[in-house]
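Enquirer: What follows is query_38.txt; its format and atoms are compact mmCIF, C-alpha atoms and all ligand atoms.
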# COMPACT_ATOMS: atom_id res chain seq x y z
CA MET A 1 166.33 32.24 171.17
CA LYS A 2 168.24 35.15 169.65
CA THR A 3 167.32 38.63 170.74
CA PHE A 4 167.01 40.98 167.82
CA VAL A 5 165.20 43.93 169.37
CA THR A 6 167.27 46.46 171.30
CA ASP A 7 166.32 49.38 173.55
CA GLU A 8 167.19 51.64 170.65
CA HIS A 9 164.60 49.94 168.41
CA GLN A 10 162.01 50.35 171.12
CA LYS A 11 162.88 54.04 171.47
CA GLN A 12 162.65 54.55 167.73
CA ALA A 13 159.28 52.80 167.59
CA VAL A 14 157.85 55.08 170.29
CA LEU A 15 159.22 58.16 168.53
CA ALA A 16 157.70 57.10 165.23
CA LEU A 17 154.39 56.36 166.94
CA LYS A 18 154.42 59.87 168.38
CA THR A 19 154.61 61.34 164.90
CA LEU A 20 151.86 59.10 163.55
CA VAL A 21 149.48 59.76 166.44
CA SER A 22 149.77 63.51 165.75
CA HIS A 23 147.91 62.93 162.47
CA GLU A 24 144.16 63.01 163.02
CA SER A 25 143.65 60.42 160.30
CA VAL A 26 139.89 60.11 160.60
CA LEU A 27 137.76 59.47 157.49
CA ASN A 28 136.45 62.76 156.11
CA GLU A 29 134.78 62.35 152.75
CA ASN A 30 133.62 65.97 152.73
CA GLU A 31 137.23 66.94 152.16
CA ALA A 32 137.96 64.13 149.70
CA GLY A 33 139.65 65.08 146.43
CA PRO A 34 141.91 63.66 143.74
CA GLY A 35 144.53 61.43 145.37
CA GLN A 36 142.83 61.66 148.75
CA PRO A 37 139.60 59.64 148.67
CA PHE A 38 139.26 59.65 152.47
CA GLY A 39 140.34 63.25 153.08
CA PRO A 40 143.72 65.01 153.39
CA LYS A 41 144.47 63.96 156.97
CA VAL A 42 144.29 60.25 156.19
CA VAL A 43 146.65 60.70 153.25
CA ALA A 44 149.01 62.77 155.43
CA ALA A 45 149.35 59.82 157.82
CA LEU A 46 149.99 57.50 154.88
CA ASP A 47 152.66 59.87 153.51
CA GLU A 48 154.22 60.07 156.97
CA VAL A 49 154.54 56.31 157.40
CA LEU A 50 155.96 55.89 153.88
CA LYS A 51 158.52 58.61 154.56
CA LEU A 52 159.49 56.84 157.77
CA CYS A 53 159.83 53.48 155.98
CA ALA A 54 162.01 55.06 153.28
CA SER A 55 164.30 56.46 155.98
CA LEU A 56 164.66 52.94 157.42
CA GLY A 57 165.80 51.53 154.08
CA PHE A 58 162.51 50.25 152.63
CA LYS A 59 161.44 50.76 149.04
CA THR A 60 158.11 52.56 149.12
CA PHE A 61 155.16 52.90 146.80
CA LYS A 62 152.04 55.03 147.03
CA ASP A 63 148.87 54.30 145.09
CA ASP A 64 148.28 57.20 142.67
CA GLU A 65 144.64 57.32 143.73
CA GLY A 66 145.66 57.55 147.38
CA TYR A 67 143.93 54.42 148.64
CA TYR A 68 146.97 52.59 150.04
CA GLY A 69 150.74 52.46 150.08
CA TYR A 70 153.36 49.86 150.77
CA ALA A 71 156.97 49.53 151.89
CA GLU A 72 159.15 46.63 150.92
CA VAL A 73 162.50 45.09 151.81
CA GLY A 74 164.29 42.01 150.46
CA GLU A 75 164.46 40.30 147.07
CA GLY A 76 162.78 37.38 145.37
CA GLU A 77 159.49 36.06 144.09
CA GLN A 78 157.82 35.24 147.38
CA LEU A 79 156.08 37.96 149.34
CA PHE A 80 155.41 38.12 153.08
CA GLY A 81 152.68 40.66 153.83
CA LEU A 82 151.94 42.71 156.93
CA LEU A 83 148.48 44.22 156.71
CA CYS A 84 148.26 47.44 158.71
CA HIS A 85 146.10 50.55 158.66
CA MET A 86 146.76 54.24 159.17
CA ASP A 87 143.18 55.45 159.67
CA VAL A 88 141.70 55.76 163.14
CA VAL A 89 138.21 56.14 164.59
CA PRO A 90 137.15 59.67 165.61
CA ALA A 91 137.94 61.07 169.04
CA ALA A 92 136.63 64.61 168.63
CA ASP A 93 133.15 64.00 170.02
CA GLN A 94 134.23 61.27 172.39
CA ALA A 95 133.73 62.22 176.04
CA GLY A 96 136.22 61.18 178.68
CA TRP A 97 139.56 61.94 177.05
CA GLN A 98 141.90 63.28 179.72
CA THR A 99 144.58 64.30 177.23
CA ASP A 100 144.69 65.50 173.64
CA PRO A 101 143.92 62.30 171.66
CA PHE A 102 146.24 63.40 168.87
CA GLU A 103 149.30 64.04 170.99
CA LEU A 104 151.11 60.94 172.22
CA ILE A 105 151.57 61.12 175.99
CA GLU A 106 154.07 58.83 177.67
CA ARG A 107 153.24 58.45 181.33
CA ASP A 108 153.89 55.69 183.90
CA GLY A 109 154.93 53.24 181.23
CA LEU A 110 151.82 53.91 179.15
CA LEU A 111 151.50 55.38 175.68
CA ILE A 112 148.25 57.34 175.50
CA GLY A 113 146.65 58.61 172.30
CA ARG A 114 144.31 57.64 169.47
CA GLY A 115 145.78 54.78 167.46
CA THR A 116 148.19 53.45 170.10
CA GLN A 117 146.35 50.09 170.16
CA ASP A 118 144.49 50.32 166.86
CA ASP A 119 146.52 50.22 164.72
CA LYS A 120 149.44 52.66 164.64
CA GLY A 121 151.08 51.15 167.74
CA PRO A 122 151.07 47.52 166.55
CA THR A 123 152.13 48.73 163.08
CA MET A 124 155.21 50.41 164.55
CA ALA A 125 155.95 47.29 166.62
CA ALA A 126 155.95 45.22 163.43
CA LEU A 127 157.94 47.77 161.44
CA PHE A 128 160.73 48.10 163.99
CA ALA A 129 160.73 44.33 164.53
CA VAL A 130 161.66 43.96 160.85
CA LYS A 131 164.17 46.82 161.23
CA ALA A 132 165.73 44.89 164.12
CA LEU A 133 166.11 41.84 161.85
CA MET A 134 167.67 44.02 159.14
CA ASP A 135 170.10 45.51 161.67
CA ALA A 136 171.03 42.00 162.85
CA GLY A 137 172.00 41.16 159.27
CA VAL A 138 169.18 38.62 158.78
CA ALA A 139 168.58 37.81 155.12
CA PHE A 140 165.03 37.04 153.99
CA GLU A 141 163.63 34.16 151.91
CA GLY A 142 161.80 36.67 149.74
CA ARG A 143 160.40 40.16 150.09
CA ILE A 144 158.60 41.56 153.13
CA ARG A 145 155.92 44.12 152.35
CA PHE A 146 154.09 46.36 154.80
CA ILE A 147 150.74 47.20 153.25
CA PHE A 148 149.17 50.33 154.69
CA GLY A 149 145.41 50.60 154.35
CA THR A 150 143.60 53.87 154.96
CA ASP A 151 139.94 52.84 155.26
CA GLU A 152 139.93 49.93 157.70
CA GLU A 153 137.58 51.53 160.19
CA THR A 154 134.80 51.89 157.64
CA LEU A 155 134.50 50.13 154.30
CA TRP A 156 137.89 48.58 153.50
CA ARG A 157 137.91 50.30 150.08
CA CYS A 158 141.70 50.65 150.43
CA LEU A 159 142.53 46.95 150.38
CA GLU A 160 139.82 46.29 147.83
CA LYS A 161 141.78 48.64 145.55
CA TYR A 162 145.04 46.99 146.54
CA ASN A 163 143.70 43.59 145.55
CA GLU A 164 142.51 44.97 142.22
CA LYS A 165 145.85 46.53 141.34
CA GLU A 166 148.67 44.78 143.20
CA GLU A 167 150.25 41.38 143.59
CA SER A 168 148.94 39.07 146.28
CA ILE A 169 151.02 37.85 149.18
CA THR A 170 152.46 34.39 149.73
CA MET A 171 151.60 34.54 153.41
CA GLY A 172 151.36 37.11 156.15
CA PHE A 173 149.56 38.52 159.12
CA ALA A 174 147.59 41.53 160.27
CA PRO A 175 148.87 43.03 163.53
CA ASP A 176 145.39 44.35 164.35
CA ALA A 177 143.65 42.06 166.84
CA GLU A 178 144.77 39.71 169.56
CA PHE A 179 147.40 37.18 170.58
CA PRO A 180 147.84 34.31 170.27
CA LEU A 181 146.13 34.56 166.89
CA ILE A 182 142.84 34.38 165.02
CA TYR A 183 142.97 31.65 162.38
CA ALA A 184 139.28 31.51 161.48
CA GLU A 185 136.84 34.35 160.94
CA LYS A 186 133.29 33.45 160.03
CA GLY A 187 131.72 34.55 156.75
CA LEU A 188 129.74 37.73 157.27
CA LEU A 189 126.48 38.05 155.40
CA GLN A 190 123.98 40.88 155.76
CA ALA A 191 120.68 40.76 153.95
CA HIS A 192 117.11 42.01 153.78
CA LEU A 193 113.91 40.02 153.44
CA ILE A 194 111.34 42.03 151.55
CA GLY A 195 107.60 41.37 151.44
CA PRO A 196 104.19 42.96 151.05
CA GLY A 197 102.77 45.61 153.39
CA THR A 198 99.55 45.66 155.42
CA THR A 199 96.95 48.19 156.52
CA GLU A 200 96.24 46.37 159.79
CA PHE A 201 99.19 47.78 161.74
CA SER A 202 102.60 49.36 161.24
CA LEU A 203 105.97 49.58 162.95
CA ARG A 204 109.59 50.56 162.58
CA ALA A 205 111.96 48.79 164.95
CA GLY A 206 115.68 48.10 165.21
CA GLY A 207 118.34 49.47 162.91
CA ALA A 208 122.07 48.72 162.72
CA LEU A 209 122.44 45.16 161.46
CA ASN A 210 125.57 44.36 163.46
CA VAL A 211 124.01 44.73 166.90
CA VAL A 212 121.22 42.88 168.67
CA PRO A 213 118.54 45.54 169.21
CA ASP A 214 117.84 46.26 172.87
CA ARG A 215 114.64 48.22 172.23
CA ALA A 216 111.66 48.00 169.92
CA SER A 217 108.69 50.33 170.11
CA TYR A 218 105.13 49.82 168.97
CA ALA A 219 102.42 52.48 168.76
CA SER A 220 99.89 51.12 166.29
CA ASN A 221 96.62 49.17 166.43
CA GLN A 222 95.49 46.70 169.13
CA LEU A 223 97.85 48.10 171.76
CA SER A 224 96.19 46.43 174.72
CA LYS A 225 96.16 43.02 173.02
CA VAL A 226 99.82 43.38 172.16
CA GLN A 227 100.51 44.30 175.77
CA GLN A 228 98.64 41.19 176.97
CA ALA A 229 100.72 39.07 174.61
CA LEU A 230 103.95 40.56 175.98
CA ASP A 231 102.72 39.78 179.51
CA ALA A 232 101.80 36.25 178.52
CA HIS A 233 105.34 35.65 177.25
CA GLY A 234 106.85 37.31 180.31
CA PHE A 235 108.77 39.82 178.17
CA SER A 236 110.08 43.02 179.74
CA TYR A 237 108.64 46.29 178.39
CA GLU A 238 107.52 49.74 179.47
CA LYS A 239 104.42 51.73 178.65
CA LEU A 240 105.00 54.95 176.80
CA GLU A 241 102.56 57.82 176.45
CA ASN A 242 101.03 56.31 173.34
CA GLY A 243 102.72 52.98 172.89
CA LEU A 244 104.94 50.23 174.20
CA LEU A 245 108.69 49.87 174.36
CA VAL A 246 109.99 46.30 174.48
CA HIS A 247 113.32 45.82 176.23
CA GLY A 248 116.17 43.51 175.25
CA LYS A 249 119.89 43.15 175.79
CA SER A 250 122.27 44.47 173.19
CA VAL A 251 125.37 42.50 172.18
CA HIS A 252 127.44 42.41 168.99
CA ALA A 253 125.71 40.47 166.23
CA LYS A 254 128.51 37.88 166.24
CA ASP A 255 127.38 36.93 169.76
CA ALA A 256 123.66 37.12 168.95
CA PRO A 257 122.67 33.99 170.92
CA GLU A 258 123.94 35.71 174.09
CA GLY A 259 121.74 38.79 173.65
CA ILE A 260 118.02 39.43 174.01
CA ASN A 261 116.50 40.65 170.78
CA ALA A 262 113.80 43.25 171.45
CA VAL A 263 112.65 43.22 167.82
CA SER A 264 112.14 39.45 167.89
CA ARG A 265 110.22 39.72 171.17
CA LEU A 266 107.94 42.39 169.76
CA ALA A 267 107.39 40.29 166.64
CA ILE A 268 106.47 37.27 168.78
CA ALA A 269 103.84 39.30 170.68
CA LEU A 270 102.50 40.95 167.53
CA SER A 271 102.15 37.64 165.73
CA ASP A 272 99.85 36.45 168.54
CA VAL A 273 97.56 39.36 167.65
CA PHE A 274 97.90 39.71 163.87
CA ASP A 275 97.86 36.97 161.28
CA PHE A 276 100.26 38.31 158.65
CA PRO A 277 102.72 35.88 157.01
CA PRO A 278 105.81 38.16 156.79
CA LEU A 279 105.38 38.88 160.50
CA SER A 280 104.82 35.20 161.30
CA PHE A 281 108.21 34.43 159.75
CA LEU A 282 109.87 36.31 162.57
CA GLY A 283 107.26 35.90 165.33
CA LYS A 284 106.31 32.25 164.83
CA LEU A 285 109.07 30.56 162.84
CA VAL A 286 112.23 32.26 164.18
CA GLY A 287 111.04 33.25 167.63
CA GLU A 288 113.98 33.98 169.92
CA ASN A 289 116.31 31.56 168.17
CA ALA A 290 119.52 33.36 167.13
CA THR A 291 121.47 30.46 165.61
CA GLY A 292 119.34 30.24 162.48
CA GLU A 293 118.33 26.70 163.44
CA ASN A 294 114.59 27.32 163.03
CA VAL A 295 115.14 28.71 159.53
CA VAL A 296 117.98 26.75 157.91
CA GLY A 297 118.52 23.87 160.34
CA LYS A 298 121.42 23.39 162.70
CA THR A 299 124.51 24.87 161.03
CA GLU A 300 127.96 24.49 162.55
CA ASP A 301 131.44 23.16 161.94
CA GLU A 302 134.29 21.94 164.05
CA ALA A 303 136.63 24.74 162.99
CA SER A 304 134.45 27.69 163.90
CA GLY A 305 131.31 26.69 165.77
CA GLU A 306 127.73 27.70 165.20
CA LEU A 307 125.97 30.01 162.79
CA SER A 308 124.59 33.21 164.32
CA MET A 309 121.55 34.95 162.84
CA ASN A 310 120.60 38.36 164.15
CA PHE A 311 117.28 39.87 163.12
CA ALA A 312 118.12 43.50 163.67
CA GLU A 313 115.45 45.43 161.84
CA LEU A 314 111.72 45.10 161.22
CA VAL A 315 109.75 47.67 159.27
CA ILE A 316 106.12 47.09 158.31
CA THR A 317 104.15 49.77 156.47
CA GLU A 318 101.18 49.86 154.13
CA GLU A 319 103.58 49.43 151.22
CA ALA A 320 106.05 46.81 152.35
CA THR A 321 107.69 44.64 154.97
CA LYS A 322 111.45 44.77 155.45
CA ILE A 323 113.42 42.51 157.76
CA GLY A 324 117.16 43.19 158.15
CA LEU A 325 119.49 40.43 159.28
CA ASP A 326 123.16 39.75 159.99
CA MET A 327 124.63 36.25 159.78
CA ARG A 328 128.04 34.95 160.86
CA ILE A 329 128.58 31.77 158.89
CA PRO A 330 130.92 28.95 159.99
CA VAL A 331 134.06 28.91 157.82
CA THR A 332 133.47 25.59 156.04
CA VAL A 333 129.75 26.10 155.37
CA ASN A 334 128.78 26.82 151.76
CA LYS A 335 127.22 30.27 151.66
CA ASP A 336 125.20 29.72 148.47
CA GLU A 337 123.52 26.62 149.85
CA LEU A 338 122.71 28.42 153.06
CA VAL A 339 121.18 31.32 151.14
CA LYS A 340 119.15 28.85 149.07
CA LYS A 341 117.64 27.33 152.23
CA LEU A 342 116.96 30.75 153.71
CA SER A 343 115.36 32.07 150.50
CA HIS A 344 113.19 28.97 150.20
CA LYS A 345 111.94 29.29 153.78
CA ALA A 346 111.38 33.04 153.49
CA ALA A 347 109.35 32.57 150.29
CA GLN A 348 106.86 30.46 152.25
CA TYR A 349 106.15 33.65 154.22
CA GLN A 350 105.92 35.91 151.15
CA LEU A 351 109.42 37.27 151.75
CA GLU A 352 112.13 37.68 149.15
CA TYR A 353 115.85 37.46 149.97
CA LYS A 354 118.05 40.40 148.96
CA GLU A 355 121.77 40.36 149.69
CA PHE A 356 123.22 43.54 151.19
CA ASP A 357 126.85 42.75 152.05
CA TRP A 358 129.11 39.71 152.01
CA LEU A 359 132.59 39.22 153.46
CA ALA A 360 134.04 35.81 152.71
CA PRO A 361 135.45 33.86 155.67
CA LEU A 362 139.07 33.47 156.71
CA TYR A 363 140.39 30.04 157.52
CA VAL A 364 144.01 28.95 157.73
CA PRO A 365 144.25 25.51 159.34
CA LEU A 366 146.06 25.09 162.63
CA GLU A 367 148.50 22.62 161.04
CA SER A 368 149.59 25.09 158.34
CA GLU A 369 153.17 26.35 158.40
CA LEU A 370 151.96 29.90 159.02
CA VAL A 371 149.65 29.22 161.96
CA SER A 372 151.79 26.57 163.64
CA THR A 373 154.89 28.79 163.44
CA LEU A 374 153.15 31.92 164.71
CA LEU A 375 151.59 29.98 167.56
CA SER A 376 154.79 28.26 168.65
CA THR A 377 156.67 31.57 168.46
CA TYR A 378 154.09 33.25 170.67
CA ARG A 379 154.24 30.40 173.16
CA ASP A 380 158.02 30.29 173.23
CA CYS A 381 158.21 34.05 173.80
CA THR A 382 155.52 34.27 176.48
CA ASN A 383 155.00 30.81 178.02
CA ASP A 384 151.30 31.56 177.60
CA MET A 385 149.40 28.52 176.31
CA THR A 386 146.14 30.31 175.47
CA GLU A 387 144.46 28.52 172.55
CA PRO A 388 144.30 30.25 169.15
CA MET A 389 140.95 31.82 168.35
CA VAL A 390 138.00 31.76 166.05
CA SER A 391 136.11 35.00 165.60
CA GLY A 392 132.80 36.21 164.27
CA GLY A 393 134.38 39.63 163.82
CA ALA A 394 136.40 40.81 160.87
CA THR A 395 140.02 41.85 160.44
CA PHE A 396 141.99 42.85 157.35
CA ALA A 397 143.54 39.38 157.41
CA ARG A 398 140.52 38.02 155.55
CA THR A 399 141.19 40.21 152.52
CA MET A 400 144.09 37.95 151.50
CA LYS A 401 144.79 34.23 151.25
CA ASN A 402 147.05 32.54 153.80
CA CYS A 403 146.86 35.43 156.23
CA VAL A 404 145.76 35.56 159.89
CA ALA A 405 145.39 38.15 162.62
CA PHE A 406 148.37 37.94 165.01
CA GLY A 407 148.42 40.31 168.04
CA ALA A 408 148.92 42.81 169.29
CA MET A 409 146.60 42.66 172.32
CA PHE A 410 147.58 40.08 174.91
CA PRO A 411 144.90 37.97 176.59
CA ASP A 412 145.13 40.16 179.70
CA SER A 413 145.57 43.56 177.97
CA PRO A 414 142.92 46.13 178.84
CA ASP A 415 141.03 46.77 175.59
CA TYR A 416 141.05 50.46 174.70
CA MET A 417 140.39 50.08 170.98
CA HIS A 418 137.98 52.76 169.74
CA GLN A 419 137.66 54.12 173.29
CA ALA A 420 138.54 57.32 175.12
CA ASN A 421 142.08 57.43 176.55
CA GLU A 422 143.22 54.75 174.12
CA GLN A 423 146.54 53.47 175.44
CA TRP A 424 149.13 50.75 175.17
CA SER A 425 151.93 49.93 177.56
CA VAL A 426 155.56 50.29 176.55
CA ALA A 427 156.17 46.82 178.01
CA GLU A 428 153.58 45.27 175.68
CA LEU A 429 154.94 47.21 172.72
CA ARG A 430 158.40 45.77 173.47
CA LYS A 431 157.09 42.24 173.95
CA THR A 432 155.15 42.52 170.70
CA MET A 433 158.27 43.65 168.84
CA GLU A 434 160.17 40.63 170.15
CA ILE A 435 157.40 38.20 169.17
CA TYR A 436 157.05 39.72 165.69
CA ALA A 437 160.81 39.71 165.08
CA GLU A 438 161.13 36.07 166.13
CA ALA A 439 158.07 35.00 164.12
CA ILE A 440 159.23 36.69 160.92
CA TYR A 441 162.74 35.31 161.47
CA ARG A 442 161.37 31.75 161.76
CA LEU A 443 159.03 32.07 158.78
CA TRP A 444 161.06 34.23 156.46
CA GLY A 445 164.69 34.39 157.61
CA LYS A 446 167.28 32.29 155.81
ZN ZN B 501 142.26 48.22 163.51
Could I get this file's structure written as structure tokens?
Ligand SMILES: [Zn+2]

Expert:
Amino acid sequence: MKTFVTDEHQKQAVLALKTLVSHESVLNENEAGPGQPFGPKVVAALDEVLKLCASLGFKTFKDDEGYYGYAEVGEGEQLFGLLCHMDVVPAADQAGWQTDPFELIERDGLLIGRGTQDDKGPTMAALFAVKALMDAGVAFEGRIRFIFGTDEETLWRCLEKYNEKEESITMGFAPDAEFPLIYAEKGLLQAHLIGPGTTEFSLRAGGALNVVPDRASYASNQLSKVQQALDAHGFSYEKLENGLLVHGKSVHAKDAPEGINAVSRLAIALSDVFDFPPLSFLGKLVGENATGENVVGKTEDEASGELSMNFAELVITEEATKIGLDMRIPVTVNKDELVKKLSHKAAQYQLEYKEFDWLAPLYVPLESELVSTLLSTYRDCTNDMTEPMVSGGATFARTMKNCVAFGAMFPDSPDYMHQANEQWSVAELRKTMEIYAEAIYRLWGK
């Protein structure tokens, strides 16, 4: 294998990362204005990275509305895309930082600062990997384009705009997850089931759709009967001054079957006491099942495993019932047919299906040129035979066809993404640069 990356490239990558980390590029819509939809600091980071790319010999372009930018090298029809992002999650209110999050500290072989793992560090690894190929005189099959998003940590409005306005890629990867690679990401569907209200009792439990709720409180009618029902089921709860608090175990919605859903448990107990169809849907039909099996039948595929269905919110008032749910749908399952089954079942309990959010799945088969080449490159560079992954989570890769998430966390890397003292080791940065350079050389060099 040729070595493209030199110590100088590594040094340059760290220097560039230092500059990027100094930008507190956190979403701030209060300061949004023309050309800066996510606030001035996010745009400043975008400007900085484009300036850097221009100095390295890339042609750069910035969206006139300020949603995204890109930097390109090479000639030809075909386009290899690298999907990166310049925004970061906040650090200001995050306890535990031992250094200034927005000043890159290099200490004991570690790079410490917000964005070092997610995603400024991996972005610089990819950028200087391509620079290393350029310096080695490698010619490319077509163009290589770094696409810089600015709204990855929230609503992905940046790449939505990109896809509206710009050309799509031939193939590519997002350096924003884990090695070896993620070649399938389940479809992500969030919805509400809406039904009539009742005067018999009321409650408000759960909330964020993407987590399994670990608590659900009840302070309405028939408290002692509800308590007896909880006892009968052996569910854990505590007595409050004027109510009950059911306990569960919180996990990410993509792993719903591994959690304990406090809202579901409360619904099960309540439906022993009250006969109310919208409640029975959750309490009697669904129960503690988190794979959707009781509602839509067993749903799975070989490529990505089982459906998960997380009932995260239950609100019942005099006026209405609202159930909020989050589903992670296997990549080859037809979403519309699934929704049809769910709507049909829900209607039997006086509930109406209302879609809230939908992210289509990502699936690039293992045998494809892209996935097989990335995987063999990773294995050749590391001798690590870890199997490629399927995820219920979401990366930028799913915004484009023929694109996967490739690195930059290694299977044994400590995960500091979104956490205090976010850090990445210089050794992993270097290794990542070597893997990216080799992969792009194999896929796109000529
Ligand atoms: Zn990220």

Enquirer: Restricting the calculation to all atoms listed in the file: of A:Gln190, A:Thr299, A:Asn402, A:Thr382, which residue gets closest to Lys431 in chain A?

Expert: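 Nearest candidate to Lys431 in chain A out of A:Gln190, A:Thr299, A:Asn402, A:Thr382: A:Thr382.
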
Enquirer: Choose the residue, out of A:Gly115, A:Gly69, A:Gly76, A:Pro90, that has the smallest atom-to-atom separation from ligand ZN 501 (chain B); count all atoms listed in the file.

Expert: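 Once distances to ligand ZN 501 (chain B) are computed over all atoms listed in the file, the minimum belongs to A:Gly115.
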
Enquirer: How close does each residue of range 89-173 of chain A get to range 355-364 of chain A, giving the shortest atom pair and distance in Å to one decimal for every residue with an atom at most 12 Å away, counting all atoms listed in the file, sorted by chain and residue number, as JSON lines?

Expert:
{"residue": "A:Leu155", "atom": "CA", "partner": "A:Asp357", "partner_atom": "CA", "distance": 10.9}
{"residue": "A:Trp156", "atom": "CA", "partner": "A:Leu359", "partner_atom": "CA", "distance": 10.8}
{"residue": "A:Glu160", "atom": "CA", "partner": "A:Leu359", "partner_atom": "CA", "distance": 11.6}
{"residue": "A:Met171", "atom": "CA", "partner": "A:Val364", "partner_atom": "CA", "distance": 10.4}
{"residue": "A:Gly172", "atom": "CA", "partner": "A:Val364", "partner_atom": "CA", "distance": 11.1}
{"residue": "A:Phe173", "atom": "CA", "partner": "A:Val364", "partner_atom": "CA", "distance": 11.1}

Enquirer: Hey, which residues come within 9 Å of ligand ZN 501 (chain B) if we count only C-alpha atoms and all ligand atoms? Could you give them as a PyMOL selection string?

Expert: chain A and resi 84-89+115+117-120+152-153+175-177+395-396+417-418

Enquirer: I need the residue nearest Leu20 in chain A from this list: A:Ala92, A:Leu104, A:Glu241, A:Val73. Use all atoms listed in the file for the distance.

Expert: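 Result for the nearest residue to Leu20 in chain A: A:Leu104.
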
Enquirer: Please determine, counting all atoms listed in the file, which residue among A:Pro101, A:Pro37, A:Pro196, A:Gly57 has the shortest atom-to-atom distance to Ser22 in chain A.

Expert: A:Pro101

Enquirer: Report the distance between CA of Pro388 in chain A and CA of Ala405 in chain A in Å, rounded to one decimal place.

Expert: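 Here the two named atoms are 10.3 Å from each other.
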
Enquirer: When you draw a straight line from CA of Glu337 in chain A to CA of Glu300 in chain A, how long is it in Å?

Expert: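 CA of Glu337 in chain A sits 13.6 Å away from CA of Glu300 in chain A.
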